[in-house]
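S.K.: What follows is data.cif, mmCIF, C-alpha atoms and all ligand atoms.
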```
data_upload
loop_
_atom_site.group_PDB
_atom_site.id
_atom_site.type_symbol
_atom_site.label_atom_id
_atom_site.label_comp_id
_atom_site.auth_asym_id
_atom_site.auth_seq_id
_atom_site.Cartn_x
_atom_site.Cartn_y
_atom_site.Cartn_z
ATOM 1 C CA MET A 1 0.000 0.000 0.000
ATOM 2 C CA ARG A 2 1.195 3.433 -0.980
ATOM 3 C CA LEU A 3 0.297 6.422 1.183
ATOM 4 C CA ILE A 4 -0.640 9.438 -0.940
ATOM 5 C CA ASP A 5 0.921 12.293 0.996
ATOM 6 C CA GLY A 6 -1.104 15.493 0.626
ATOM 7 C CA LYS A 7 1.488 17.481 2.536
ATOM 8 C CA ILE A 8 4.243 16.728 0.034
ATOM 9 C CA ILE A 9 2.059 17.122 -3.064
ATOM 10 C CA SER A 10 0.456 20.356 -1.813
ATOM 11 C CA ALA A 11 3.916 21.742 -1.054
ATOM 12 C CA SER A 12 4.946 21.171 -4.665
ATOM 13 C CA VAL A 13 1.782 22.898 -5.952
ATOM 14 C CA LYS A 14 2.345 25.836 -3.599
ATOM 15 C CA GLU A 15 5.985 26.110 -4.644
ATOM 16 C CA ARG A 16 4.878 26.367 -8.283
ATOM 17 C CA VAL A 17 2.274 29.008 -7.423
ATOM 18 C CA LYS A 18 4.746 30.970 -5.302
ATOM 19 C CA ASP A 19 7.229 31.159 -8.185
ATOM 20 C CA GLU A 20 4.557 32.356 -10.600
ATOM 21 C CA VAL A 21 3.214 34.938 -8.136
ATOM 22 C CA ALA A 22 6.761 36.296 -7.818
ATOM 23 C CA ILE A 23 7.172 36.481 -11.598
ATOM 24 C CA LEU A 24 3.900 38.437 -11.875
ATOM 25 C CA LYS A 25 5.067 40.764 -9.133
ATOM 26 C CA GLU A 26 8.259 41.526 -11.084
ATOM 27 C CA GLN A 27 5.945 42.663 -13.869
ATOM 28 C CA GLY A 28 4.094 44.963 -11.478
ATOM 29 C CA ILE A 29 1.105 42.624 -11.086
ATOM 30 C CA THR A 30 -0.120 41.732 -7.598
ATOM 31 C CA THR A 31 -2.250 38.693 -6.752
ATOM 32 C CA GLY A 32 -5.030 39.243 -4.226
ATOM 33 C CA LEU A 33 -7.665 37.066 -2.562
ATOM 34 C CA ALA A 34 -10.614 38.276 -0.478
ATOM 35 C CA VAL A 35 -12.084 35.800 1.994
ATOM 36 C CA ILE A 36 -15.478 36.529 3.527
ATOM 37 C CA ILE A 37 -16.653 34.767 6.659
ATOM 38 C CA VAL A 38 -20.041 35.400 8.258
ATOM 39 C CA GLY A 39 -20.672 34.376 11.862
ATOM 40 C CA GLU A 40 -18.742 32.317 14.368
ATOM 41 C CA ASP A 41 -18.603 28.732 13.079
ATOM 42 C CA PRO A 42 -15.389 27.410 14.680
ATOM 43 C CA ALA A 43 -14.472 25.020 11.818
ATOM 44 C CA SER A 44 -14.980 27.797 9.257
ATOM 45 C CA LYS A 45 -12.755 30.098 11.306
ATOM 46 C CA VAL A 46 -9.938 27.532 11.238
ATOM 47 C CA TYR A 47 -10.299 27.050 7.456
ATOM 48 C CA VAL A 48 -10.248 30.800 6.842
ATOM 49 C CA ALA A 49 -7.185 31.274 9.068
ATOM 50 C CA ASN A 50 -5.388 28.513 7.130
ATOM 51 C CA LYS A 51 -6.264 30.133 3.801
ATOM 52 C CA LYS A 52 -4.864 33.446 5.028
ATOM 53 C CA LYS A 53 -1.655 31.779 6.211
ATOM 54 C CA ALA A 54 -1.196 30.049 2.847
ATOM 55 C CA CYS A 55 -1.653 33.357 0.999
ATOM 56 C CA GLU A 56 0.991 35.032 3.127
ATOM 57 C CA ALA A 57 3.498 32.231 2.530
ATOM 58 C CA LEU A 58 3.029 32.487 -1.247
ATOM 59 C CA GLY A 59 3.129 36.265 -1.645
ATOM 60 C CA ILE A 60 -0.610 36.512 -2.304
ATOM 61 C CA ILE A 61 -2.268 39.524 -0.714
ATOM 62 C CA SER A 62 -5.162 38.367 1.454
ATOM 63 C CA GLU A 63 -8.021 40.466 2.750
ATOM 64 C CA GLU A 64 -10.284 38.954 5.363
ATOM 65 C CA TYR A 65 -13.825 40.228 5.865
ATOM 66 C CA ALA A 66 -15.230 38.814 9.097
ATOM 67 C CA LEU A 67 -18.878 39.833 9.283
ATOM 68 C CA PRO A 68 -21.193 39.354 12.266
ATOM 69 C CA GLU A 69 -23.746 36.522 12.399
ATOM 70 C CA ASN A 70 -26.642 38.982 11.936
ATOM 71 C CA THR A 71 -25.307 40.393 8.639
ATOM 72 C CA THR A 72 -28.158 40.931 6.160
ATOM 73 C CA GLN A 73 -28.281 39.622 2.604
ATOM 74 C CA GLU A 74 -28.104 43.222 1.346
ATOM 75 C CA GLU A 75 -24.981 43.982 3.368
ATOM 76 C CA LEU A 76 -23.251 40.844 2.119
ATOM 77 C CA LEU A 77 -24.207 41.498 -1.504
ATOM 78 C CA LYS A 78 -22.960 45.085 -1.165
ATOM 79 C CA LEU A 79 -19.543 43.840 0.029
ATOM 80 C CA ILE A 80 -19.342 41.367 -2.861
ATOM 81 C CA ASP A 81 -20.195 44.144 -5.301
ATOM 82 C CA GLU A 82 -17.376 46.270 -3.887
ATOM 83 C CA LEU A 83 -14.912 43.380 -4.157
ATOM 84 C CA ASN A 84 -16.094 42.602 -7.714
ATOM 85 C CA ASN A 85 -15.077 46.161 -8.598
ATOM 86 C CA LYS A 86 -11.829 46.233 -6.631
ATOM 87 C CA ALA A 87 -8.905 45.888 -9.050
ATOM 88 C CA SER A 88 -6.426 44.624 -6.437
ATOM 89 C CA ILE A 89 -8.689 41.668 -5.631
ATOM 90 C CA ASN A 90 -8.475 38.842 -8.163
ATOM 91 C CA GLY A 91 -10.344 36.169 -6.248
ATOM 92 C CA ILE A 92 -13.346 36.229 -3.910
ATOM 93 C CA LEU A 93 -14.262 33.346 -1.616
ATOM 94 C CA CYS A 94 -17.258 33.379 0.695
ATOM 95 C CA GLN A 95 -16.786 30.633 3.278
ATOM 96 C CA LEU A 96 -19.705 28.205 3.425
ATOM 97 C CA PRO A 97 -21.958 27.307 5.109
ATOM 98 C CA LEU A 98 -23.539 30.716 5.657
ATOM 99 C CA PRO A 99 -25.945 31.403 8.536
ATOM 100 C CA LYS A 100 -29.424 30.069 7.709
ATOM 101 C CA HIS A 101 -31.075 33.451 7.092
ATOM 102 C CA LEU A 102 -28.766 34.109 4.126
ATOM 103 C CA ASP A 103 -29.407 32.822 0.600
ATOM 104 C CA GLU A 104 -26.229 30.915 -0.281
ATOM 105 C CA GLN A 105 -26.945 30.487 -3.989
ATOM 106 C CA ALA A 106 -27.807 34.193 -4.399
ATOM 107 C CA VAL A 107 -24.485 35.064 -2.750
ATOM 108 C CA ILE A 108 -22.564 32.690 -5.037
ATOM 109 C CA ASN A 109 -24.383 34.118 -8.073
ATOM 110 C CA ALA A 110 -23.304 37.643 -7.100
ATOM 111 C CA ILE A 111 -19.590 36.858 -7.315
ATOM 112 C CA LEU A 112 -18.111 37.821 -10.666
ATOM 113 C CA PRO A 113 -17.388 34.500 -12.469
ATOM 114 C CA GLU A 114 -13.852 35.759 -13.271
ATOM 115 C CA LYS A 115 -13.199 36.128 -9.534
ATOM 116 C CA ASP A 116 -15.029 32.960 -8.447
ATOM 117 C CA VAL A 117 -12.004 30.962 -7.231
ATOM 118 C CA ASP A 118 -14.319 28.346 -5.655
ATOM 119 C CA ALA A 119 -15.852 27.653 -9.101
ATOM 120 C CA PHE A 120 -19.318 27.606 -7.521
ATOM 121 C CA HIS A 121 -20.927 30.182 -9.845
ATOM 122 C CA PRO A 122 -23.389 28.598 -12.340
ATOM 123 C CA GLN A 123 -21.256 29.856 -15.232
ATOM 124 C CA ASN A 124 -18.181 28.061 -13.889
ATOM 125 C CA VAL A 125 -20.202 24.963 -12.984
ATOM 126 C CA GLY A 126 -21.497 24.878 -16.567
ATOM 127 C CA LYS A 127 -18.018 25.277 -17.996
ATOM 128 C CA ILE A 128 -16.799 22.301 -15.975
ATOM 129 C CA MET A 129 -19.583 20.209 -17.432
ATOM 130 C CA LEU A 130 -18.534 21.292 -20.933
ATOM 131 C CA GLY A 131 -14.907 20.416 -20.197
ATOM 132 C CA ASP A 132 -13.642 23.938 -20.930
ATOM 133 C CA TYR A 133 -12.831 25.650 -17.665
ATOM 134 C CA ASP A 134 -10.442 28.007 -15.857
ATOM 135 C CA PHE A 135 -11.428 27.194 -12.280
ATOM 136 C CA VAL A 136 -12.138 23.836 -10.688
ATOM 137 C CA PRO A 137 -13.609 23.546 -7.160
ATOM 138 C CA CYS A 138 -10.624 23.216 -4.847
ATOM 139 C CA THR A 139 -11.284 19.762 -3.358
ATOM 140 C CA PRO A 140 -11.888 17.845 -6.618
ATOM 141 C CA ALA A 141 -9.024 19.803 -8.212
ATOM 142 C CA GLY A 142 -6.737 18.723 -5.371
ATOM 143 C CA ILE A 143 -7.745 15.088 -5.805
ATOM 144 C CA MET A 144 -7.010 15.195 -9.550
ATOM 145 C CA GLU A 145 -3.629 16.741 -8.762
ATOM 146 C CA MET A 146 -2.869 13.893 -6.344
ATOM 147 C CA LEU A 147 -3.865 11.230 -8.879
ATOM 148 C CA GLN A 148 -1.687 12.856 -11.523
ATOM 149 C CA TYR A 149 1.274 13.213 -9.152
ATOM 150 C CA GLU A 150 0.994 9.516 -8.327
ATOM 151 C CA ASN A 151 0.742 8.589 -12.030
ATOM 152 C CA ILE A 152 -2.630 6.947 -11.494
ATOM 153 C CA ASP A 153 -4.278 6.654 -14.893
ATOM 154 C CA ILE A 154 -8.063 7.058 -14.843
ATOM 155 C CA SER A 155 -8.831 6.079 -18.435
ATOM 156 C CA GLY A 156 -11.147 3.070 -18.568
ATOM 157 C CA LYS A 157 -11.179 2.682 -14.777
ATOM 158 C CA THR A 158 -14.306 2.149 -12.741
ATOM 159 C CA CYS A 159 -14.612 5.244 -10.537
ATOM 160 C CA VAL A 160 -17.111 5.471 -7.706
ATOM 161 C CA VAL A 161 -17.789 8.718 -5.852
ATOM 162 C CA ILE A 162 -19.793 8.531 -2.638
ATOM 163 C CA GLY A 163 -21.586 11.842 -2.097
ATOM 164 C CA ARG A 164 -23.324 14.154 -4.585
ATOM 165 C CA SER A 165 -22.637 17.631 -3.211
ATOM 166 C CA ASN A 166 -22.135 20.586 -5.520
ATOM 167 C CA ILE A 167 -18.773 21.262 -3.852
ATOM 168 C CA VAL A 168 -17.245 17.786 -4.129
ATOM 169 C CA GLY A 169 -19.278 14.853 -5.465
ATOM 170 C CA LYS A 170 -20.744 16.295 -8.670
ATOM 171 C CA PRO A 171 -17.632 18.118 -9.944
ATOM 172 C CA MET A 172 -15.463 15.158 -8.883
ATOM 173 C CA GLY A 173 -17.532 12.825 -11.033
ATOM 174 C CA MET A 174 -17.256 15.199 -13.970
ATOM 175 C CA LEU A 175 -13.457 15.537 -13.713
ATOM 176 C CA LEU A 176 -13.037 11.757 -13.586
ATOM 177 C CA LEU A 177 -15.335 11.471 -16.600
ATOM 178 C CA HIS A 178 -13.190 14.007 -18.495
ATOM 179 C CA LYS A 179 -10.244 11.662 -17.825
ATOM 180 C CA ASN A 180 -12.243 8.842 -19.416
ATOM 181 C CA GLY A 181 -13.191 7.090 -16.184
ATOM 182 C CA THR A 182 -16.458 5.162 -16.004
ATOM 183 C CA VAL A 183 -18.128 7.076 -13.217
ATOM 184 C CA THR A 184 -20.849 6.241 -10.703
ATOM 185 C CA ILE A 185 -21.997 8.825 -8.155
ATOM 186 C CA CYS A 186 -23.584 7.221 -5.085
ATOM 187 C CA HIS A 187 -25.736 8.854 -2.430
ATOM 188 C CA SER A 188 -28.058 8.100 0.467
ATOM 189 C CA ARG A 189 -30.671 6.453 -1.784
ATOM 190 C CA THR A 190 -28.212 4.196 -3.612
ATOM 191 C CA LYS A 191 -29.245 0.556 -3.389
ATOM 192 C CA ASP A 192 -26.585 -1.857 -2.148
ATOM 193 C CA LEU A 193 -23.911 0.793 -1.836
ATOM 194 C CA ALA A 194 -21.342 -1.744 -0.625
ATOM 195 C CA SER A 195 -21.461 -3.807 -3.817
ATOM 196 C CA VAL A 196 -21.270 -0.666 -6.002
ATOM 197 C CA CYS A 197 -18.187 0.512 -4.076
ATOM 198 C CA LYS A 198 -16.633 -2.930 -4.302
ATOM 199 C CA GLU A 199 -16.444 -2.561 -8.105
ATOM 200 C CA ALA A 200 -14.383 0.627 -7.866
ATOM 201 C CA ASP A 201 -10.806 0.860 -9.115
ATOM 202 C CA VAL A 202 -10.871 4.415 -7.779
ATOM 203 C CA LEU A 203 -13.105 5.108 -4.790
ATOM 204 C CA VAL A 204 -13.702 8.671 -3.573
ATOM 205 C CA ALA A 205 -15.482 9.007 -0.227
ATOM 206 C CA ALA A 206 -17.136 12.372 0.452
ATOM 207 C CA VAL A 207 -19.914 11.413 2.839
ATOM 208 C CA GLY A 208 -19.110 13.241 6.042
ATOM 209 C CA ARG A 209 -19.522 10.175 8.257
ATOM 210 C CA PRO A 210 -16.590 8.733 10.209
ATOM 211 C CA ASN A 211 -15.373 5.257 9.159
ATOM 212 C CA PHE A 212 -18.257 4.936 6.681
ATOM 213 C CA VAL A 213 -16.204 2.998 4.116
ATOM 214 C CA THR A 214 -15.257 -0.371 5.583
ATOM 215 C CA ALA A 215 -12.843 -2.986 4.225
ATOM 216 C CA ASP A 216 -15.637 -5.183 2.833
ATOM 217 C CA MET A 217 -16.655 -2.295 0.517
ATOM 218 C CA VAL A 218 -13.208 -1.986 -1.062
ATOM 219 C CA LYS A 219 -11.837 -3.974 -4.002
ATOM 220 C CA GLU A 220 -8.389 -5.494 -3.617
ATOM 221 C CA GLY A 221 -5.870 -3.066 -5.134
ATOM 222 C CA ALA A 222 -8.226 -0.067 -5.349
ATOM 223 C CA VAL A 223 -7.119 3.547 -5.015
ATOM 224 C CA VAL A 224 -9.008 5.104 -2.097
ATOM 225 C CA ILE A 225 -9.412 8.868 -1.694
ATOM 226 C CA ASP A 226 -10.812 10.044 1.636
ATOM 227 C CA VAL A 227 -12.392 13.516 1.576
ATOM 228 C CA GLY A 228 -13.929 13.262 5.057
ATOM 229 C CA ILE A 229 -12.937 15.526 7.919
ATOM 230 C CA ASN A 230 -14.797 14.260 10.977
ATOM 231 C CA ARG A 231 -14.006 15.002 14.569
ATOM 232 C CA VAL A 232 -14.333 11.975 16.856
ATOM 233 C CA ASP A 233 -13.348 12.396 20.506
ATOM 234 C CA GLY A 234 -11.276 15.436 19.539
ATOM 235 C CA LYS A 235 -9.432 13.489 16.838
ATOM 236 C CA LEU A 236 -9.711 14.059 13.080
ATOM 237 C CA VAL A 237 -10.830 10.995 11.160
ATOM 238 C CA GLY A 238 -11.900 10.504 7.564
ATOM 239 C CA ASP A 239 -14.868 8.752 5.970
ATOM 240 C CA VAL A 240 -12.744 5.628 5.465
ATOM 241 C CA ASP A 241 -11.934 3.035 8.113
ATOM 242 C CA PHE A 242 -8.247 3.605 7.425
ATOM 243 C CA GLN A 243 -6.818 0.921 9.715
ATOM 244 C CA ASN A 244 -8.740 -1.892 8.048
ATOM 245 C CA VAL A 245 -8.849 -0.544 4.489
ATOM 246 C CA LYS A 246 -5.184 0.380 4.124
ATOM 247 C CA ASP A 247 -3.899 -3.157 3.640
ATOM 248 C CA LYS A 248 -6.451 -3.911 0.968
ATOM 249 C CA CYS A 249 -5.840 -1.011 -1.390
ATOM 250 C CA SER A 250 -2.914 -0.089 -3.648
ATOM 251 C CA ALA A 251 -2.937 3.569 -2.559
ATOM 252 C CA ILE A 252 -4.834 5.637 0.011
ATOM 253 C CA THR A 253 -4.969 9.209 1.314
ATOM 254 C CA PRO A 254 -4.645 9.649 5.092
ATOM 255 C CA VAL A 255 -6.718 11.993 7.271
ATOM 256 C CA PRO A 256 -5.278 14.385 8.272
ATOM 257 C CA GLY A 257 -2.534 15.080 5.746
ATOM 258 C CA GLY A 258 -4.329 13.873 2.624
ATOM 259 C CA VAL A 259 -6.955 15.789 0.657
ATOM 260 C CA GLY A 260 -7.178 18.631 3.226
ATOM 261 C CA PRO A 261 -3.853 20.356 2.468
ATOM 262 C CA MET A 262 -4.492 19.943 -1.276
ATOM 263 C CA THR A 263 -7.700 21.969 -1.091
ATOM 264 C CA ILE A 264 -5.905 25.082 0.099
ATOM 265 C CA ALA A 265 -3.101 24.637 -2.429
ATOM 266 C CA MET A 266 -5.650 24.510 -5.257
ATOM 267 C CA LEU A 267 -7.334 27.657 -3.931
ATOM 268 C CA MET A 268 -3.963 29.369 -4.250
ATOM 269 C CA GLN A 269 -3.652 27.947 -7.769
ATOM 270 C CA ASN A 270 -7.119 29.271 -8.705
ATOM 271 C CA THR A 271 -6.267 32.700 -7.296
ATOM 272 C CA LEU A 272 -3.124 32.795 -9.425
ATOM 273 C CA THR A 273 -5.155 31.716 -12.477
ATOM 274 C CA ALA A 274 -7.610 34.560 -11.775
ATOM 275 C CA ALA A 275 -4.790 37.127 -11.522
ATOM 276 C CA LYS A 276 -3.247 35.891 -14.756
ATOM 277 C CA LYS A 277 -6.538 35.946 -16.654
ATOM 278 C CA GLN A 278 -7.457 39.398 -15.384
ATOM 279 C CA ASN A 279 -4.076 40.694 -16.483
ATOM 280 C CA LYS A 280 -4.190 38.838 -19.816
ATOM 281 C CA ARG A 281 -1.225 36.576 -19.026
HETATM 282 N N1 LIG A 301 -16.747 25.221 3.041
HETATM 283 C C1 LIG A 301 -16.239 23.964 2.971
HETATM 284 N N2 LIG A 301 -15.499 23.819 1.865
HETATM 285 C C2 LIG A 301 -15.534 24.997 1.223
HETATM 286 C C3 LIG A 301 -14.952 25.467 0.004
HETATM 287 O O1 LIG A 301 -14.253 24.766 -0.726
HETATM 288 N N3 LIG A 301 -15.223 26.756 -0.308
HETATM 289 C C4 LIG A 301 -16.006 27.552 0.464
HETATM 290 N N4 LIG A 301 -16.226 28.805 0.045
HETATM 291 N N5 LIG A 301 -16.569 27.147 1.574
HETATM 292 C C5 LIG A 301 -16.323 25.874 1.952
#
```
Is it possible to give me this structure as structure tokens?
M.R.:
Amino acid sequence: MRLIDGKIISASVKERVKDEVAILKEQGITTGLAVIIVGEDPASKVYVANKKKACEALGIISEEYALPENTTQEELLKLIDELNNKASINGILCQLPLPKHLDEQAVINAILPEKDVDAFHPQNVGKIMLGDYDFVPCTPAGIMEMLQYENIDISGKTCVVIGRSNIVGKPMGMLLLHKNGTVTICHSRTKDLASVCKEADVLVAAVGRPNFVTADMVKEGAVVIDVGINRVDGKLVGDVDFQNVKDKCSAITPVPGGVGPMTIAMLMQNTLTAAKKQNKR
């Protein structure tokens, strides 16, 4: 079994981005990311702090907008409008989930597609489906980067994605399809999930339930990608029962230190892409 090390692979992506950010800077072009967080969700606060740290390490200017829980839709849309029109900001990310009184899709729709480094805007979602895109949602993008780094060929493989979210499952399925995988997306209504998973050469778990994928669901020699970040007794665990699955598969991502660090690296990559596009590079 090979451990797919997200720390090493993300470091190589960030190194690449850092070099390109520096080259742009020599040409008088700055790279800037605005991160909006509404409310006090502790997990979201950690993610946003990590994004800010990554920006600083790579020479990307980061602006954080921490808004109170009771922020209105109008106030949030007004901020997005300002950032859409701010030349020094190339990318805008609004941390999800938003407090319940806010309309998440309306907020996503308000972000200029050229600055939508999450690739959540309908225009960017559509472009991914067409296979002609600038931005890819950070988590699926990070997984594709890992597979490529590990020389894992997708063409003709049976790929099973567990989870159908707009952030991970759906775009993940589409990216694997673009690489000529035969893709199945499973969800809570899937019949006999275990036997579907057992067919997978590449299994991506994005369920959000600790130890959901057990050894009996995994084919001998499969590649297993664990997107889960679950906290159990203060410890981070994935969606995969790592201890029992690891000896069955050919390669697996750990939690922590797998997909997580990749997500931030790909956000940095998308921010660089945005800066380049906006400056016609
Ligand atoms: N919340 C969890 N993952 C993400 C992400 O990739 N982007 C944003 N904006 N919010 C998230």
S.K.: Find, counting all atoms listed in the file, the residue in A:Ile167, A:Val213, A:Val255, A:Leu193 that gets nearest to Leu236 (chain A).
M.R.: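 Counting all atoms listed in the file, the residue closest to Leu236 (chain A) is A:Val255.
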S.K.: Once the PyMOL selection byres (((not hetatm)) within 8 of (chain A and resi 301)) is applied to the coordinates I shared, what remains selected? I want it as a ChimeraX atom specification.
M.R.: /A:44,93-97,118,137-139,167,263
S.K.: Might you spell out which residues the PyMOL selection byres (((chain A and resi 160) around 8) and not hetatm) would select in the displayed file, as a list in words?
M.R.: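 Going through the file, the PyMOL selection byres (((chain A and resi 160) around 8) and not hetatm) ends up selecting Thr158, Cys159, Val161, Ile162, Val183, Thr184, Ile185, Cys186, Val196, Cys197, Ala200, Asp201, Val202, Leu203 and Val204 of chain A.
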S.K.: Can you tell me, as a VMD selection string, what residues are no more than 7 Å from region 19-35 of chain A when counting only C-alpha atoms, ignoring any on the same chain fewer than 4 positions away?
M.R.: chain A and resid 15 59 to 65 88 to 94 271 to 272 275
S.K.: List the spatial neighbours of region 144-146 of chain A as a PyMOL selection string - criterion: any atom at most 7 Å away, only C-alpha atoms, same-chain residues fewer than 4 positions off excluded.
M.R.: chain A and resi 9+140+150
S.K.: For Leu79 (chain A), which residue among A:Asn50, A:Gly238, A:Lys277, A:Ile36 is the nearest when counting only C-alpha atoms?
M.R.: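 Nearest candidate to Leu79 (chain A) out of A:Asn50, A:Gly238, A:Lys277, A:Ile36: A:Ile36.
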S.K.: Could you tell me, as a ChimeraX atom specification, which residues have any atom at most 12 Å from (-28.6, 42.6, -0.5), counting all atoms listed in the file?
M.R.: /A:71-81,102-104,106-107,110
S.K.: Excluding Gly163 (chain A) and its own-chain neighbours fewer than 2 positions away, which residues fall within 9 Å of it when counting all atoms listed in the file? Please give them as a tab-separated table (two decimals) with C-alpha atoms, keeping the file's coordinate frame.
M.R.:
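around-v5.tsv, written as the output of this step:
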```
chain	number	residue	atom	x	y	z
A	161	VAL	CA	-17.79	8.72	-5.85
A	165	SER	CA	-22.64	17.63	-3.21
A	168	VAL	CA	-17.24	17.79	-4.13
A	169	GLY	CA	-19.28	14.85	-5.46
A	170	LYS	CA	-20.74	16.30	-8.67
A	185	ILE	CA	-22.00	8.82	-8.15
A	186	CYS	CA	-23.58	7.22	-5.08
A	187	HIS	CA	-25.74	8.85	-2.43
A	188	SER	CA	-28.06	8.10	0.47
A	204	VAL	CA	-13.70	8.67	-3.57
A	205	ALA	CA	-15.48	9.01	-0.23
A	206	ALA	CA	-17.14	12.37	0.45
A	207	VAL	CA	-19.91	11.41	2.84
A	208	GLY	CA	-19.11	13.24	6.04
```
S.K.: So how far away is CA of Asp153 (chain A) from CA of Lys219 (chain A), in Å?
M.R.: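 Spanning CA of Lys219 (chain A) to CA of Asp153 (chain A) is a straight-line distance of 17.0 Å.
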S.K.: Quick one: everything within 12 Å of Gly221 (chain A), counting all atoms listed in the file, minus sequence neighbours fewer than 3 positions away in the same chain. Send it as a list in words.
M.R.: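 Close residues of Gly221 (chain A): Met1, Arg2, Lys198, Glu199, Ala200, Asp201, Val202, Leu203, Ala215, Val218, Val224, Val245, Lys246, Asp247, Lys248, Cys249, Ser250, Ala251 and Ile252 of chain A.
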S.K.: For a quick check of understanding, using all atoms listed in the file, which of A:Val117, A:Val13, A:Ala49, A:Ile229 has the smallest distance to Ile37 (chain A)?
M.R.: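 Checking each of A:Val117, A:Val13, A:Ala49, A:Ile229 against Ile37 (chain A), counting all atoms listed in the file, the winner is A:Ala49.
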S.K.: Would you compute the distance between CA of Ile264 (chain A) and CA of Val232 (chain A)? Give it in Å to one decimal.
M.R.: 22.9 Å
S.K.: Show me as a list in words the residues that reach within 10 Å of (-4.3, 16.5, 2.4), counting only C-alpha atoms and using the file's own coordinates.
M.R.: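 Result, sorted by chain then residue number: Ile4, Asp5, Gly6, Lys7, Ile8, Ile9, Ser10, Thr139, Gly142, Ile143, Met146, Asp226, Val227, Thr253, Pro254, Val255, Pro256, Gly257, Gly258, Val259, Gly260, Pro261, Met262, Thr263, Ile264 and Ala265 of chain A.
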S.K.: Quick one: of A:Ala66, A:Thr190, A:Val136, A:Asn211, who's nearest to Lys45 (chain A), counting only C-alpha atoms?
M.R.: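 With only C-alpha atoms as the atom set, the closest residue is A:Ala66.
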S.K.: I need the residue nearest Glu56 (chain A) from this list: A:Pro171, A:Arg189, A:Lys18, A:Ala119. Use only C-alpha atoms for the distance.
M.R.: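 Smallest distance to Glu56 (chain A) is found for A:Lys18.
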S.K.: Quick check, in Å to one decimal: how far apart do CA of Lys115 (chain A) and CA of Gly181 (chain A) lie?
M.R.: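 Atom-to-atom, CA of Lys115 (chain A) and CA of Gly181 (chain A) are spaced 29.8 Å apart.
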S.K.: Name the residues in contact with Pro99 (chain A) at a cut-off of 8 Å, using all atoms listed in the file, excluding same-chain residues fewer than 5 positions from it; report them as a PyMOL selection string.
M.R.: chain A and resi 38-39+69
